[in-house]
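Novice: Sharing a structure here in structure tokens format.
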2 protein chains.
Amino acid sequence: MTRSALTREQVLDAAAALVRRHGPDALTMRGLAAELGTAVTSIYWHVGNRESLLDALVARTVAELGAIRPRGATPAERIVSVAQALRRELRARPHLVALVHERGLTERMFLPAQRVLVREVHAAGLRGAQAAGVVRAVQFHVVGHVLVERNRERAPAQSPGERDLWAARTAAESADGDPALARALARPVDTDRLFVRSVRALVSGLLDSGDGAVRAGPYSQ
Amino acid sequence: MTRSALTREQVLDAAAALVRRHGPDALTMRGLAAELGTAVTSIYWHVGNRESLLDALVARTVAELGAIRPRGATPAERIVSVAQALRRELRARPHLVALVHERGLTERMFLPAQRVLVREVHAAGLRGAQAAGVVRAVQFHVVGHVLVERNRERAPAQSPGERDLWAARTAAESADGDPALARALARPVDTDRLFVRSVRALVSGLLDSGDGAVRAGPYSQ
DNA sequence: ACCTGAACACCGTTCAAGT
DNA sequence: ACCTGAACACCGTTCAAGT
């Protein structure tokens, strides 16, 4: 199947396919060479080394995160819809996004969405540094949520996990005399619902007062 | 310096010291053996293999995350203070916490704080499933924020980064005719301030309406 | 300009053998 | 019960040599 000269694109394609299917650990230079039917050293000629190969894959993934269109009637709704769209995109490429995370470029990947958010925050009547603060708060919240979700999905069976902890006999005390709460915390998290709820609460809190409605106490910086 | 029989604790201590100083990658079985003045294979007898060694270190770290005392006058303030304390603890052990993250146990580490939060949410007048939702939203937000921060700290010089993007000549258009916003987004993020602000906004949004004040539009699940 | 095999310096892990 | 050296099967990378 080695019809002509090997190209950099072919190397990247094969590497991306390997990562997509079996994760980054499955990407070994020797395995990749075998897949391509060439000597290991040919790959080095085309992509330098393993690190820059991964760099290239990450760059591709960041570029793929494309246009995001807001939906909804009010600015708040539209901001929430942007957050949801971004979460969906990130979750559609688990392994490659994990690579992006590892290299600390998740934030970079979010940059195009910032522009969209700016427009909506303006529409909500905020401007300047205050508007920038809202954009960043939303950005951190969405990226953070996605990171937490990945974290949970990767987590093995946890002992004791929330389930055991809140279902235990001592749960009544822990739950501060609120069995319904203990039951709720013993159930697995519905991350879809939680995401929508918390984004709505955050956006609402940010747009209502600009600075958050909790009074600054003696411990506020 | 090899005075008596090697113990499991000694192995764990040496491994933890290595990770603390130079990160998890610096922890090789051969290097650890050299540090301890024993044969590589002795380590295997005591801790099984590298994976379970890391498991043990992670378990230690999770256990170390100790008691968190809320401070402040109102429940909202006290919830914010818990969030700040947790963030501080996590950021004090970057390498070990990174290991905890990699193994997907960040959430597990947060469990003790859940109990504290429950009490405060109760004090704020919420109960049952609604209170549980607030606890989880705060938890996700804090953990997410810390993950994003780690992500940013690991990130190399980004090109184009926020700086370049928003300081560019085209920023006027991107910023939707708001140069003050463009300047604000070109500045580096003050994560301390951002954290306090967003936690306050989130808590305020959650406690005010329980469900977030943004009206459910046609796209809400 | 592109590809190659051989070699180097690492890994984690296993095993049979010691005391 | 605890420790050992030798060996195995992997790595990523370099280098001198080919065409």
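Every chain in the structure tokens takes a letter, A first, then B, and so on in the order presented; its residues are numbered from 1, and the ligands are numbered from 1 following the presented order.
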Only residues of chain C matter here; which ones have an atom within 9 Å of chain B, counting only C-alpha atoms (C1' of nucleotides)? Give them as a ChimeraX atom specification.
Specialist: /C:11-13
Novice: Hey, could you make a per-residue contact list for chain A against chain B with 7 Å as the cut-off, showing the nearest pair of atoms and its distance in Å to one decimal, counting only C-alpha atoms, sorted by chain and number, as JSON lines?
Specialist:
```
{"residue": "A:Gly72", "atom": "CA", "partner": "B:Gly217", "partner_atom": "CA", "distance": 6.7}
{"residue": "A:Ala76", "atom": "CA", "partner": "B:Val214", "partner_atom": "CA", "distance": 6.5}
{"residue": "A:Glu77", "atom": "CA", "partner": "B:Gly217", "partner_atom": "CA", "distance": 6.8}
{"residue": "A:His101", "atom": "CA", "partner": "B:Asn151", "partner_atom": "CA", "distance": 6.7}
{"residue": "A:Arg103", "atom": "CA", "partner": "B:Ala155", "partner_atom": "CA", "distance": 6.2}
{"residue": "A:Gly104", "atom": "CA", "partner": "B:Ala155", "partner_atom": "CA", "distance": 4.2}
{"residue": "A:Leu105", "atom": "CA", "partner": "B:Ala155", "partner_atom": "CA", "distance": 6.0}
{"residue": "A:Arg108", "atom": "CA", "partner": "B:Gly161", "partner_atom": "CA", "distance": 6.7}
{"residue": "A:Arg115", "atom": "CA", "partner": "B:Ser174", "partner_atom": "CA", "distance": 6.1}
{"residue": "A:Val118", "atom": "CA", "partner": "B:Ala175", "partner_atom": "CA", "distance": 6.7}
{"residue": "A:Arg119", "atom": "CA", "partner": "B:Asp176", "partner_atom": "CA", "distance": 6.5}
{"residue": "A:Arg127", "atom": "CA", "partner": "B:Leu181", "partner_atom": "CA", "distance": 6.6}
{"residue": "A:Gly128", "atom": "CA", "partner": "B:Leu181", "partner_atom": "CA", "distance": 4.0}
{"residue": "A:Ala129", "atom": "CA", "partner": "B:Leu181", "partner_atom": "CA", "distance": 5.2}
{"residue": "A:Ala131", "atom": "CA", "partner": "B:Leu181", "partner_atom": "CA", "distance": 6.7}
{"residue": "A:Ala132", "atom": "CA", "partner": "B:Leu181", "partner_atom": "CA", "distance": 5.6}
{"residue": "A:Ala137", "atom": "CA", "partner": "B:Ser198", "partner_atom": "CA", "distance": 5.9}
{"residue": "A:Phe140", "atom": "CA", "partner": "B:His145", "partner_atom": "CA", "distance": 6.3}
{"residue": "A:His141", "atom": "CA", "partner": "B:His141", "partner_atom": "CA", "distance": 6.3}
{"residue": "A:Val143", "atom": "CA", "partner": "B:Val148", "partner_atom": "CA", "distance": 6.7}
{"residue": "A:Gly144", "atom": "CA", "partner": "B:Gly144", "partner_atom": "CA", "distance": 3.5}
{"residue": "A:His145", "atom": "CA", "partner": "B:Gly144", "partner_atom": "CA", "distance": 5.3}
{"residue": "A:Leu147", "atom": "CA", "partner": "B:Gly144", "partner_atom": "CA", "distance": 6.2}
{"residue": "A:Val148", "atom": "CA", "partner": "B:Gly144", "partner_atom": "CA", "distance": 5.6}
{"residue": "A:Asn151", "atom": "CA", "partner": "B:Gly104", "partner_atom": "CA", "distance": 4.5}
{"residue": "A:Arg152", "atom": "CA", "partner": "B:Gly104", "partner_atom": "CA", "distance": 5.7}
{"residue": "A:Arg154", "atom": "CA", "partner": "B:Gly104", "partner_atom": "CA", "distance": 5.4}
{"residue": "A:Ala155", "atom": "CA", "partner": "B:Gly104", "partner_atom": "CA", "distance": 4.2}
{"residue": "A:Gly161", "atom": "CA", "partner": "B:Arg108", "partner_atom": "CA", "distance": 6.6}
{"residue": "A:Ser174", "atom": "CA", "partner": "B:Arg115", "partner_atom": "CA", "distance": 6.1}
{"residue": "A:Ala175", "atom": "CA", "partner": "B:Val118", "partner_atom": "CA", "distance": 6.8}
{"residue": "A:Asp176", "atom": "CA", "partner": "B:Arg119", "partner_atom": "CA", "distance": 6.5}
{"residue": "A:Asp178", "atom": "CA", "partner": "B:Gly128", "partner_atom": "CA", "distance": 6.4}
{"residue": "A:Ala180", "atom": "CA", "partner": "B:Gly128", "partner_atom": "CA", "distance": 4.6}
{"residue": "A:Leu181", "atom": "CA", "partner": "B:Gly128", "partner_atom": "CA", "distance": 4.0}
{"residue": "A:Ala184", "atom": "CA", "partner": "B:Ala129", "partner_atom": "CA", "distance": 5.4}
{"residue": "A:Leu185", "atom": "CA", "partner": "B:Ala132", "partner_atom": "CA", "distance": 6.0}
{"residue": "A:Leu194", "atom": "CA", "partner": "B:Ala137", "partner_atom": "CA", "distance": 6.7}
{"residue": "A:Arg197", "atom": "CA", "partner": "B:Gly212", "partner_atom": "CA", "distance": 6.1}
{"residue": "A:Ser198", "atom": "CA", "partner": "B:Ala137", "partner_atom": "CA", "distance": 5.9}
{"residue": "A:Arg200", "atom": "CA", "partner": "B:Gly212", "partner_atom": "CA", "distance": 5.2}
{"residue": "A:Ala201", "atom": "CA", "partner": "B:Gly212", "partner_atom": "CA", "distance": 3.9}
{"residue": "A:Leu202", "atom": "CA", "partner": "B:Leu202", "partner_atom": "CA", "distance": 4.4}
{"residue": "A:Ser204", "atom": "CA", "partner": "B:Ala213", "partner_atom": "CA", "distance": 5.5}
{"residue": "A:Gly205", "atom": "CA", "partner": "B:Ala201", "partner_atom": "CA", "distance": 4.4}
{"residue": "A:Leu206", "atom": "CA", "partner": "B:Ala201", "partner_atom": "CA", "distance": 5.5}
{"residue": "A:Asp211", "atom": "CA", "partner": "B:Arg197", "partner_atom": "CA", "distance": 6.3}
{"residue": "A:Gly212", "atom": "CA", "partner": "B:Ala201", "partner_atom": "CA", "distance": 3.9}
{"residue": "A:Ala213", "atom": "CA", "partner": "B:Ser204", "partner_atom": "CA", "distance": 5.6}
{"residue": "A:Val214", "atom": "CA", "partner": "B:Arg200", "partner_atom": "CA", "distance": 5.4}
{"residue": "A:Gly217", "atom": "CA", "partner": "B:Gly72", "partner_atom": "CA", "distance": 6.7}
```
Novice: Create the file for the chosen residues now, containing N, CA and C atoms and written as a short mmCIF file (atom, residue, chain, number, x, y, z; two decimals), in the first residue's frame.
Specialist:
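Output file result.cif follows:
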```cif
data_model
loop_
_atom_site.label_atom_id
_atom_site.label_comp_id
_atom_site.auth_asym_id
_atom_site.auth_seq_id
_atom_site.Cartn_x
_atom_site.Cartn_y
_atom_site.Cartn_z
N GLY A 72 -31.55 31.68 20.74
CA GLY A 72 -32.37 32.10 21.85
C GLY A 72 -32.81 33.54 21.70
N ALA A 76 -29.12 36.57 27.71
CA ALA A 76 -28.79 35.53 28.69
C ALA A 76 -28.99 34.15 28.08
N GLU A 77 -30.12 33.95 27.43
CA GLU A 77 -30.40 32.67 26.78
C GLU A 77 -29.34 32.34 25.74
N HIS A 101 -5.95 19.45 26.44
CA HIS A 101 -5.91 19.75 27.87
C HIS A 101 -4.50 19.57 28.42
N ARG A 103 -1.76 19.70 27.14
CA ARG A 103 -0.80 20.70 26.69
C ARG A 103 -1.21 22.10 27.13
N GLY A 104 -2.28 22.18 27.90
CA GLY A 104 -2.68 23.48 28.43
C GLY A 104 -3.24 24.43 27.40
N LEU A 105 -3.87 23.90 26.35
CA LEU A 105 -4.35 24.78 25.29
C LEU A 105 -5.87 24.85 25.21
N ARG A 108 -6.92 28.35 24.78
CA ARG A 108 -6.66 28.80 23.42
C ARG A 108 -7.82 28.39 22.51
N ARG A 115 -15.35 36.03 21.06
CA ARG A 115 -15.94 37.08 20.22
C ARG A 115 -17.46 37.03 20.24
N VAL A 118 -18.77 38.30 23.54
CA VAL A 118 -18.68 39.76 23.66
C VAL A 118 -19.94 40.43 23.12
N ARG A 119 -20.36 39.96 21.94
CA ARG A 119 -21.53 40.59 21.32
C ARG A 119 -22.76 40.45 22.23
N ARG A 127 -20.57 46.95 29.31
CA ARG A 127 -19.46 47.36 28.44
C ARG A 127 -18.15 47.40 29.22
N GLY A 128 -17.06 47.53 28.48
CA GLY A 128 -15.75 47.74 29.09
C GLY A 128 -15.27 46.59 29.95
N ALA A 129 -14.53 46.93 31.00
CA ALA A 129 -13.91 45.92 31.85
C ALA A 129 -14.95 45.01 32.48
N ALA A 131 -17.83 44.08 31.21
CA ALA A 131 -18.25 43.10 30.20
C ALA A 131 -17.18 42.04 30.03
N ALA A 132 -15.93 42.46 30.01
CA ALA A 132 -14.82 41.50 29.86
C ALA A 132 -14.84 40.49 30.99
N ALA A 137 -15.65 35.02 33.02
CA ALA A 137 -16.29 34.16 34.01
C ALA A 137 -17.04 33.02 33.33
N PHE A 140 -14.39 30.53 31.86
CA PHE A 140 -13.80 29.68 32.90
C PHE A 140 -14.81 28.63 33.36
N HIS A 141 -16.04 29.07 33.51
CA HIS A 141 -17.05 28.13 34.02
C HIS A 141 -17.27 26.98 33.05
N VAL A 143 -15.31 25.88 30.47
CA VAL A 143 -14.12 25.04 30.34
C VAL A 143 -13.94 24.20 31.60
N GLY A 144 -14.12 24.82 32.74
CA GLY A 144 -13.98 24.11 34.00
C GLY A 144 -14.96 22.96 34.11
N HIS A 145 -16.19 23.20 33.73
CA HIS A 145 -17.19 22.14 33.81
C HIS A 145 -16.80 20.96 32.93
N LEU A 147 -13.85 20.10 32.00
CA LEU A 147 -12.71 19.42 32.61
C LEU A 147 -13.17 18.52 33.74
N VAL A 148 -14.09 19.02 34.56
CA VAL A 148 -14.58 18.20 35.67
C VAL A 148 -15.29 16.96 35.14
N ASN A 151 -12.85 14.47 34.05
CA ASN A 151 -12.27 13.93 35.26
C ASN A 151 -13.13 12.81 35.84
N ARG A 152 -14.42 13.07 35.90
CA ARG A 152 -15.34 12.07 36.47
C ARG A 152 -15.43 10.85 35.59
N ARG A 154 -13.25 9.61 33.63
CA ARG A 154 -12.05 8.81 33.72
C ARG A 154 -11.96 8.08 35.05
N ALA A 155 -12.64 8.63 36.06
CA ALA A 155 -12.50 8.08 37.40
C ALA A 155 -12.97 6.64 37.45
N GLY A 161 -17.34 6.44 47.38
CA GLY A 161 -17.79 7.50 46.49
C GLY A 161 -18.95 8.26 47.11
N SER A 174 -24.65 13.52 58.56
CA SER A 174 -23.92 14.25 57.54
C SER A 174 -24.85 15.19 56.79
N ALA A 175 -26.04 14.71 56.54
CA ALA A 175 -26.97 15.49 55.73
C ALA A 175 -27.68 16.54 56.56
N ASP A 176 -27.28 16.65 57.83
CA ASP A 176 -27.81 17.72 58.64
C ASP A 176 -29.33 17.60 58.76
N ASP A 178 -31.54 16.04 56.72
CA ASP A 178 -32.27 16.29 55.48
C ASP A 178 -32.14 15.06 54.57
N ALA A 180 -33.87 13.87 52.19
CA ALA A 180 -34.08 14.09 50.76
C ALA A 180 -32.79 14.55 50.10
N LEU A 181 -32.05 15.39 50.80
CA LEU A 181 -30.77 15.84 50.29
C LEU A 181 -29.78 14.69 50.23
N ALA A 184 -30.54 12.71 47.25
CA ALA A 184 -30.16 13.42 46.02
C ALA A 184 -28.66 13.33 45.78
N LEU A 185 -27.86 13.47 46.84
CA LEU A 185 -26.42 13.42 46.67
C LEU A 185 -25.92 12.00 46.46
N LEU A 194 -27.17 19.76 35.45
CA LEU A 194 -26.33 20.58 36.31
C LEU A 194 -25.67 21.69 35.51
N ARG A 197 -28.27 24.41 34.56
CA ARG A 197 -28.64 25.15 35.77
C ARG A 197 -27.56 26.11 36.20
N SER A 198 -26.32 25.60 36.31
CA SER A 198 -25.28 26.45 36.87
C SER A 198 -24.92 27.57 35.91
N ARG A 200 -26.96 29.01 33.87
CA ARG A 200 -28.06 29.98 34.01
C ARG A 200 -27.88 30.82 35.25
N ALA A 201 -27.57 30.14 36.38
CA ALA A 201 -27.40 30.88 37.64
C ALA A 201 -26.24 31.85 37.54
N LEU A 202 -25.14 31.38 36.96
CA LEU A 202 -23.96 32.24 36.84
C LEU A 202 -24.27 33.45 35.98
N SER A 204 -27.09 34.74 35.19
CA SER A 204 -28.06 35.59 35.87
C SER A 204 -27.37 36.43 36.94
N GLY A 205 -26.52 35.78 37.75
CA GLY A 205 -25.82 36.50 38.80
C GLY A 205 -24.91 37.56 38.23
N LEU A 206 -24.28 37.27 37.10
CA LEU A 206 -23.33 38.21 36.51
C LEU A 206 -24.05 39.39 35.88
N ASP A 211 -21.29 42.53 39.38
CA ASP A 211 -20.19 42.20 40.27
C ASP A 211 -20.52 41.05 41.21
N GLY A 212 -21.65 40.42 41.01
CA GLY A 212 -22.05 39.35 41.92
C GLY A 212 -22.80 39.98 43.08
N ALA A 213 -23.85 39.34 43.54
CA ALA A 213 -24.72 39.99 44.50
C ALA A 213 -24.33 39.71 45.94
N VAL A 214 -23.37 38.78 46.14
CA VAL A 214 -22.97 38.49 47.51
C VAL A 214 -22.19 39.67 48.05
N GLY A 217 -17.52 40.61 52.17
CA GLY A 217 -17.29 40.55 53.60
C GLY A 217 -15.84 40.87 53.90
#
```
Novice: With only C-alpha atoms (C1' of nucleotides) as the counted atoms, please give the residues lying no more than 12 Å from Leu57 in chain A, apart from itself and same-chain residues fewer than 4 positions off, as a PDB file with N, CA and C atoms, in the first residue's frame.
Specialist:
```
ATOM      1  N   ARG A   8       3.957  14.478   5.031  1.00  0.00           N
ATOM      2  CA  ARG A   8       3.666  14.898   6.401  1.00  0.00           C
ATOM      3  C   ARG A   8       2.188  14.710   6.721  1.00  0.00           C
ATOM      4  N   GLU A   9       1.339  15.026   5.749  1.00  0.00           N
ATOM      5  CA  GLU A   9      -0.104  14.881   5.966  1.00  0.00           C
ATOM      6  C   GLU A   9      -0.479  13.438   6.271  1.00  0.00           C
ATOM      7  N   VAL A  11       1.365  11.179   7.596  1.00  0.00           N
ATOM      8  CA  VAL A  11       1.808  10.858   8.953  1.00  0.00           C
ATOM      9  C   VAL A  11       0.806  11.393   9.969  1.00  0.00           C
ATOM     10  N   LEU A  12       0.408  12.655   9.784  1.00  0.00           N
ATOM     11  CA  LEU A  12      -0.534  13.262  10.731  1.00  0.00           C
ATOM     12  C   LEU A  12      -1.878  12.523  10.729  1.00  0.00           C
ATOM     13  N   ASP A  13      -2.352  12.184   9.527  1.00  0.00           N
ATOM     14  CA  ASP A  13      -3.632  11.470   9.433  1.00  0.00           C
ATOM     15  C   ASP A  13      -3.578  10.143  10.187  1.00  0.00           C
ATOM     16  N   ALA A  14      -2.527   9.391   9.929  1.00  0.00           N
ATOM     17  CA  ALA A  14      -2.402   8.083  10.578  1.00  0.00           C
ATOM     18  C   ALA A  14      -2.300   8.248  12.091  1.00  0.00           C
ATOM     19  N   ALA A  15      -1.540   9.242  12.514  1.00  0.00           N
ATOM     20  CA  ALA A  15      -1.382   9.486  13.952  1.00  0.00           C
ATOM     21  C   ALA A  15      -2.718   9.873  14.579  1.00  0.00           C
ATOM     22  N   ALA A  16      -3.451  10.771  13.901  1.00  0.00           N
ATOM     23  CA  ALA A  16      -4.749  11.205  14.422  1.00  0.00           C
ATOM     24  C   ALA A  16      -5.701  10.025  14.536  1.00  0.00           C
ATOM     25  N   ALA A  17      -5.683   9.160  13.544  1.00  0.00           N
ATOM     26  CA  ALA A  17      -6.566   7.991  13.566  1.00  0.00           C
ATOM     27  C   ALA A  17      -6.233   7.099  14.755  1.00  0.00           C
ATOM     28  N   LEU A  18      -4.949   6.890  14.971  1.00  0.00           N
ATOM     29  CA  LEU A  18      -4.519   6.065  16.105  1.00  0.00           C
ATOM     30  C   LEU A  18      -5.001   6.662  17.425  1.00  0.00           C
ATOM     31  N   VAL A  19      -4.807   7.954  17.584  1.00  0.00           N
ATOM     32  CA  VAL A  19      -5.200   8.612  18.827  1.00  0.00           C
ATOM     33  C   VAL A  19      -6.709   8.569  18.999  1.00  0.00           C
ATOM     34  N   ARG A  20      -7.433   8.831  17.913  1.00  0.00           N
ATOM     35  CA  ARG A  20      -8.886   8.827  17.977  1.00  0.00           C
ATOM     36  C   ARG A  20      -9.423   7.501  18.471  1.00  0.00           C
ATOM     37  N   PRO A  24      -3.923   8.567  23.227  1.00  0.00           N
ATOM     38  CA  PRO A  24      -2.561   9.041  22.951  1.00  0.00           C
ATOM     39  C   PRO A  24      -1.480   8.018  23.308  1.00  0.00           C
ATOM     40  N   LEU A  27      -0.188   5.822  20.637  1.00  0.00           N
ATOM     41  CA  LEU A  27       0.615   6.420  19.574  1.00  0.00           C
ATOM     42  C   LEU A  27       2.099   6.258  19.869  1.00  0.00           C
ATOM     43  N   VAL A  47       8.225  14.804  10.738  1.00  0.00           N
ATOM     44  CA  VAL A  47       7.586  15.556  11.832  1.00  0.00           C
ATOM     45  C   VAL A  47       8.528  15.923  12.971  1.00  0.00           C
ATOM     46  N   ARG A  50       8.299  12.957  18.460  1.00  0.00           N
ATOM     47  CA  ARG A  50       6.958  12.662  18.957  1.00  0.00           C
ATOM     48  C   ARG A  50       6.272  13.917  19.508  1.00  0.00           C
ATOM     49  N   GLU A  51       7.017  14.725  20.227  1.00  0.00           N
ATOM     50  CA  GLU A  51       6.446  15.941  20.797  1.00  0.00           C
ATOM     51  C   GLU A  51       5.825  16.838  19.729  1.00  0.00           C
ATOM     52  N   SER A  52       6.562  17.085  18.658  1.00  0.00           N
ATOM     53  CA  SER A  52       6.028  18.009  17.650  1.00  0.00           C
ATOM     54  C   SER A  52       4.926  17.332  16.838  1.00  0.00           C
ATOM     55  N   LEU A  53       4.948  16.027  16.777  1.00  0.00           N
ATOM     56  CA  LEU A  53       3.822  15.323  16.170  1.00  0.00           C
ATOM     57  C   LEU A  53       2.547  15.616  16.962  1.00  0.00           C
ATOM     58  N   THR A  61      -6.754  20.061  16.079  1.00  0.00           N
ATOM     59  CA  THR A  61      -7.977  19.981  16.881  1.00  0.00           C
ATOM     60  C   THR A  61      -8.471  21.371  17.260  1.00  0.00           C
ATOM     61  N   VAL A  62      -7.551  22.223  17.682  1.00  0.00           N
ATOM     62  CA  VAL A  62      -7.925  23.586  18.046  1.00  0.00           C
ATOM     63  C   VAL A  62      -8.567  24.293  16.845  1.00  0.00           C
ATOM     64  N   ALA A  63      -7.982  24.073  15.663  1.00  0.00           N
ATOM     65  CA  ALA A  63      -8.509  24.728  14.463  1.00  0.00           C
ATOM     66  C   ALA A  63      -9.898  24.195  14.113  1.00  0.00           C
ATOM     67  N   GLU A  64     -10.121  22.907  14.396  1.00  0.00           N
ATOM     68  CA  GLU A  64     -11.403  22.300  14.033  1.00  0.00           C
ATOM     69  C   GLU A  64     -12.571  22.881  14.820  1.00  0.00           C
ATOM     70  N   HIS A  95     -10.522  12.051  23.125  1.00  0.00           N
ATOM     71  CA  HIS A  95      -9.083  11.794  23.204  1.00  0.00           C
ATOM     72  C   HIS A  95      -8.247  12.976  22.728  1.00  0.00           C
ATOM     73  N   LEU A  96      -8.667  13.551  21.618  1.00  0.00           N
ATOM     74  CA  LEU A  96      -7.899  14.680  21.087  1.00  0.00           C
ATOM     75  C   LEU A  96      -8.008  15.882  22.012  1.00  0.00           C
ATOM     76  N   VAL A  97      -9.196  16.085  22.572  1.00  0.00           N
ATOM     77  CA  VAL A  97      -9.360  17.187  23.513  1.00  0.00           C
ATOM     78  C   VAL A  97      -8.532  16.943  24.772  1.00  0.00           C
ATOM     79  N   ALA A  98      -8.426  15.689  25.171  1.00  0.00           N
ATOM     80  CA  ALA A  98      -7.572  15.371  26.315  1.00  0.00           C
ATOM     81  C   ALA A  98      -6.138  15.801  26.025  1.00  0.00           C
ATOM     82  N   LEU A  99      -5.708  15.579  24.803  1.00  0.00           N
ATOM     83  CA  LEU A  99      -4.374  16.033  24.404  1.00  0.00           C
ATOM     84  C   LEU A  99      -4.271  17.548  24.508  1.00  0.00           C
ATOM     85  N   VAL A 100      -5.291  18.229  24.032  1.00  0.00           N
ATOM     86  CA  VAL A 100      -5.307  19.687  24.125  1.00  0.00           C
ATOM     87  C   VAL A 100      -5.211  20.111  25.589  1.00  0.00           C
ATOM     88  N   ARG A 103      -1.759  19.701  27.137  1.00  0.00           N
ATOM     89  CA  ARG A 103      -0.796  20.697  26.689  1.00  0.00           C
ATOM     90  C   ARG A 103      -1.210  22.101  27.133  1.00  0.00           C
TER      91      ARG A 103
END
```
Novice: Using only C-alpha atoms (C1' of nucleotides), which residues of range 14-62 of chain A come within 10 Å of range 4-10 of chain C, and what is the closest atom pair for each, with the distance in Å to one decimal? Give it as a Markdown table, sorted by chain and residue number.
Specialist:
```
| residue | atom | partner | partner_atom | distance |
| --- | --- | --- | --- | --- |
| A:Thr38 | CA | C:DT4 | C1' | 9.2 |
| A:Ala39 | CA | C:DT4 | C1' | 6.9 |
| A:Val40 | CA | C:DT4 | C1' | 9.2 |
| A:Thr41 | CA | C:DT4 | C1' | 7.7 |
| A:Ser42 | CA | C:DT4 | C1' | 8.2 |
```
Novice: Could those residues be written to a file, using C-alpha atoms, as a PDB file, in the first residue's frame?
Specialist:
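Result written to out_20.pdb:
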```pdb
ATOM      1  CA  THR A  38       7.876   2.711   6.544  1.00  0.00           C
ATOM      2  CA  ALA A  39      10.909   2.812   8.765  1.00  0.00           C
ATOM      3  CA  VAL A  40      10.566   4.592  12.097  1.00  0.00           C
ATOM      4  CA  THR A  41      13.190   7.075  11.082  1.00  0.00           C
ATOM      5  CA  SER A  42      11.204   8.297   8.079  1.00  0.00           C
TER       6      SER A  42
END
```
Novice: Using the chain letters and numbers from this document, which residues of range 12-201 of chain B does DSSP assign to alpha helix (DSSP H), as a PyMOL selection string?
Specialist: chain B and resi 12-22+29-36+40-47+50-64+75-91+94-102+106-123+128-154+162-167+171-174+179-186+191-201
